[in-house]
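Asks: The structure under discussion is supplied below as structure tokens; questions concerning it will follow.
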Amino acid sequence: MKDIVERFISYTKVDTTSADDSNICPSNPDEFILAHQLEEELKELGLQDVRVDDKCFVYGLLPSNTDKKCDTVGFLAHMDTSSATSGKNIKARVIENYDGEDIELSEGIWTKVADYPQIAKLKGKDIIVTDGTTLLGADDKAGIAIIMDTVQYLQQHPECPHGNIRVCFTPDEEVGTGIGNINLDEFRCDYAFTVDGGAVNEITYETFNAASAQVIVHGNSIHPGDAKGKMINASQVLMDFHAMLPVFERPEFTEKREGFNHLVEMQGNCEKAEGIYIIRNHDLALLEKQKKEFEYIRDHINRMYGKEVIELKLRDSYRNMREAFNDKMYIIEAAEKAIREAGYQPESDPMRGGTDGSQLTVMGLPTPNLGTGGMMYHGNHELLCIDDMKEMVKIVLNLIRNIMERE
């Protein structure tokens with residue numbers, strides 16, 4: 001049987017970077033490589049109904065070992081990693097008994113405490129880093145390792161009673177397109193938990209409402225020497241559009257429950273230009289207001305030019321899961337109790353992002369989120385605390401026990 005560190009590092013060796021511009025699932029066919037690796041591990045651990053489907057979802061069931069009637073709980077983690085930083089040829093390295101000082105990842109590349117003061121609290125713990133040229137993939141391969149280690153423990157300790165436990169490893173969480181392809185008949189649970197966060201004491205059940213905007217500008221290109229009254233520079237119009245959005249609703253000016261409009265990509269020339277935005281707010285009414293602002297600016301510019309210069313495509317992505325728990329707080333309370341039993345004070349700050357659980361909750365499967373022990377996701381300074389990852393296994397085991405004991 002593998003230990004949790006060996007498991008995690010083996011997962012990082014598979015490049016599962018998801019692709020924003022893909023229209024297939026999985027967006028990166030190499031996600032199937034990891035999926036089949038996980039399929040074999042689940043079979044080795046003795047789970048039932050293990051399979052990988054045609055959309056790259058990995059399913060498995062650990063059957064109940066008790067006669068007591070209790071809820072069926074699911075645990076999910078995603079296999080893909082962000083495209084924000086390369087996930088190819090990851091060189092994971094274990095640092096034992098970290099000294100709390102700056103970390104030299106490789107020659108000339110440092111993770112400095114001055115830049116990332118949160119790492120100082122990891123002094124004395126074992127951590128995993130990269131060589132500074134790639135991300136690590138703790139988001140969310142740490143979650144996969146935690147779930148696998150939990151299942152392994154339960155199989156090795158049949159004296160620990162538990163109800164039915166379903167496992168699902170998902171593709172394309174980072175691009176927000178994977179979870180819509182889940183088969184909820186195969187992942188039949190009363191509720192579930194994503195293991196896809198940061199600190200071990202986090203239980204998250206409030207996320208952004210999310211939408212996206214594609215702003216396409218149709219210009220008119222002509223020789224600049226003969227441009228007066230004729231040229232419409234699409235790139236300039238796109239910049240004008242962006243300048244009309246509220247400046248202080250950009251991510252760099254917001255925190256906590258403040259929403260934002262984030263320009264994630266722009267490209268173009270005189271003839272055609274395109275900007276891609278993500279739109280976020282914890283308050284659905286405010287999100288709708290932000291979307292209306294995009295429409296207002298589009299209409300204003302089109303009126304200025306007397307024709308449809310700007311084409312706007314708005315799309316809803318996921319919803320804040322908070323309201324779904326109003327009459328199901330026992331799910332959150334079971335997790336908070338599990339965290340306290342491990343010696344931590346649970347925290348439930350609103351997540352400035354989303355997880356697969358956001359969409360699953362809207363689909364009718366309440367799915368809050370638990371931590372993993374990772375830090376600085378999506379960048380080449382990403383790291384994972386081994387001690388915290390192991391603590392998460394204890395918390396998940398506590399949670400499973402609490403669920404079984406619930407009357």
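Every chain in the structure tokens takes a letter, A first, then B, and so on in the order presented; its residues are numbered from 1, and the ligands are numbered from 1 following the presented order.
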Please provide as a ChimeraX atom specification all residues within 12 Å of segment 67-69 of chain A, with the sequence filter that same-chain residues fewer than 2 positions apart are discarded (counting only C-alpha atoms).
Replies: /A:63-65,71-72,161-164,403-407
Asks: Can you build me a table of segment 22-136 of chain A residues sitting at most 8 Å from segment 178-196 of chain A, with the closest atom pair per residue and its distance in Å to one decimal, using only C-alpha atoms, sorted by chain and residue number, as JSON lines?
Replies:
{"residue": "A:Cys25", "atom": "CA", "partner": "A:Gly178", "partner_atom": "CA", "distance": 6.5}
{"residue": "A:Pro26", "atom": "CA", "partner": "A:Gly178", "partner_atom": "CA", "distance": 7.0}
{"residue": "A:Lys55", "atom": "CA", "partner": "A:Asn181", "partner_atom": "CA", "distance": 6.9}
{"residue": "A:Phe57", "atom": "CA", "partner": "A:Ile182", "partner_atom": "CA", "distance": 6.9}
{"residue": "A:Tyr59", "atom": "CA", "partner": "A:Phe187", "partner_atom": "CA", "distance": 7.1}
{"residue": "A:Asp71", "atom": "CA", "partner": "A:Asp190", "partner_atom": "CA", "distance": 6.0}
{"residue": "A:Thr72", "atom": "CA", "partner": "A:Cys189", "partner_atom": "CA", "distance": 5.0}
{"residue": "A:Val73", "atom": "CA", "partner": "A:Ala192", "partner_atom": "CA", "distance": 5.3}
{"residue": "A:Gly74", "atom": "CA", "partner": "A:Ala192", "partner_atom": "CA", "distance": 4.2}
{"residue": "A:Phe75", "atom": "CA", "partner": "A:Phe193", "partner_atom": "CA", "distance": 5.0}
{"residue": "A:Leu76", "atom": "CA", "partner": "A:Thr194", "partner_atom": "CA", "distance": 4.7}
{"residue": "A:Ala77", "atom": "CA", "partner": "A:Val195", "partner_atom": "CA", "distance": 5.6}
{"residue": "A:His78", "atom": "CA", "partner": "A:Asp196", "partner_atom": "CA", "distance": 7.8}
Asks: Considering only C-alpha atoms, state which residue in the set A:Asn380, A:Asp3, A:Tyr344, A:Pro117 is at the smallest distance from Thr150 of chain A.
Replies: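 Closest to Thr150 of chain A, using only C-alpha atoms: A:Asp3.
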Asks: Got a sec: who's within 10 Å of segment 307-314 of chain A, counting only C-alpha atoms, leaving out chain neighbours fewer than 5 positions off, as a ChimeraX atom specification?
Replies: /A:211-220,232,234,237-238,241,272-279,291,294-295,297-302
Asks: Output as a list of chain:residue names all residues of segment 20-122 of chain A that backbone DSSP marks as helix (DSSP H, G or I).
Replies: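 In segment 20-122 of chain A, DSSP puts these residues in helix (DSSP H, G or I): A:Glu31, A:Phe32, A:Ile33, A:Leu34, A:Ala35, A:His36, A:Gln37, A:Leu38, A:Glu39, A:Glu40, A:Glu41, A:Leu42, A:Lys43, A:Glu44, A:Pro117, A:Gln118, A:Ile119, A:Ala120, A:Lys121, A:Leu122.
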Asks: Please write the residues from the selection above to a file, keeping C-alpha atoms, as a compact mmCIF listing (two decimals), in the first residue's frame.
Replies:
# COMPACT_ATOMS: atom_id res chain seq x y z
CA GLU A 31 -6.67 13.42 -17.93
CA PHE A 32 -7.68 9.87 -18.89
CA ILE A 33 -4.16 8.69 -17.98
CA LEU A 34 -4.61 9.79 -14.39
CA ALA A 35 -8.24 8.60 -14.36
CA HIS A 36 -7.23 5.04 -15.24
CA GLN A 37 -4.41 5.15 -12.69
CA LEU A 38 -6.95 6.10 -10.03
CA GLU A 39 -9.34 3.43 -11.26
CA GLU A 40 -6.69 0.77 -10.65
CA GLU A 41 -5.89 2.14 -7.19
CA LEU A 42 -9.56 2.06 -6.18
CA LYS A 43 -9.81 -1.54 -7.36
CA GLU A 44 -6.68 -2.47 -5.41
CA PRO A 117 4.42 35.44 4.93
CA GLN A 118 1.88 32.62 5.42
CA ILE A 119 4.61 30.01 4.90
CA ALA A 120 6.39 31.03 8.12
CA LYS A 121 3.73 29.24 10.16
CA LEU A 122 4.82 25.97 8.54
Asks: Within 12 Å of Phe248 of chain A, counting only C-alpha atoms, which residues show up once you throw out same-chain ones fewer than 4 positions away? Write them as a list in words, please.
Replies: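 Contacts, with the query itself left out: Ala243, Met244, Glu252, Phe253, Thr254, Glu255, Glu258, Gly259, Phe260, Asn261 and His262 of chain A.
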